[in-house]
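Following: one structure in structure tokens, then a few remarks.
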Amino acid sequence: MLMKLLNSVLKHIFFDDAWEDQPELGRAPNEYFRTFFTLLNSMIDGKEDASSNDPTKVLIGTAYGGRLVVRLPAGTLLFIHLKDKKLIRHKKRWSQVMYMYYLLGHRIMESHMSIEDKQLIAENTYILAIDGDSKFEPEAFLR
């Protein structure tokens, strides 16, 4: 089990300010997330709309807004975190605190592993944080 965890890559995407007020719906995902979701659906399913009963996509309410869990075609899970600035601080450093806490604190410490295994997982956890307005070159990650 531990080797499977060490060899797996968890994928998390965090959207800051992902919610907006809409007259009919109240708080709802914003245009940026809806665009991302449409593109994700077209890449995964070959269609742009998503039915609400699709078992490969689950939206979960959280203390910070919401989390969409998507099972990709190969079985890998993609976690998309939607921060609501009305529920959690919205400056950049607070986002980084949230990422670190979620990935290192909550995900690892709440698991049913030995302390040694938790330490090993924590030491092998890598976070790549990029602002949406940044130009990212994959070669920079490989160096």
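Scheme for the structure tokens: letters A, B, ... for chains in order shown; per-chain residue numbers from 1; ligand numbers from 1 in order shown.
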
Those of chain A in DSSP strand (DSSP E), formatted as JSON, numbers by chain
{"A": [11, 12, 13, 14, 15, 19, 20, 21, 22, 26, 27, 28, 29, 57, 58, 59, 60, 61, 62, 65, 66, 67, 68, 69, 70, 71, 77, 78, 79, 80, 81, 82, 83]}

Quick one: everything within 10 Å of Ala18 in chain A, counting only C-alpha atoms, minus sequence neighbours fewer than 3 positions away in the same chain. Send it as a VMD selection string.
chain A and resid 14 to 15 27 to 34 65 to 66 81 to 85

Enter the distance from CA of Leu104 in chain A to CA of Leu120 in chain A, in Å, rounded to one decimal.
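Atom-to-atom, CA of Leu104 in chain A to CA of Leu120 in chain A, that is 11.4 Å.
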
Residues flagged helix (DSSP H, G or I) by DSSP in chain A, as a PyMOL selection string:
chain A and resi 2-7+31-44+92-109+115-123+138-142

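Of the listed residues A:Glu110, A:Asp131, A:Asp16, A:Arg71, the one whose atoms come nearest to Leu87 in chain A is A:Asp16, with distances taken using only C-alpha atoms.
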
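Of the residues listed (A:Leu68, A:Leu103, A:Met98, A:Leu77), A:Leu77 shows the shortest atom-to-atom separation from Val9 in chain A; distances use only C-alpha atoms.
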
Restricting the calculation to only C-alpha atoms: of A:Lys135, A:Ala129, A:Ser111, A:Ala140, which residue gets closest to Ser95 in chain A?
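Answer, going by the shortest atom-to-atom distance: A:Ala129.
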
With distances taken over only C-alpha atoms, which of A:Ile121, A:Ile127, A:Met100, A:Ile13 is nearest to Arg67 in chain A?
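That would be A:Ile13, the residue with the smallest distance to Arg67 in chain A.
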
Of the candidates A:Tyr102, A:Leu10, A:Met43, A:His112, which one gets nearest to Pro73 in chain A if we count only C-alpha atoms?
A:Met43
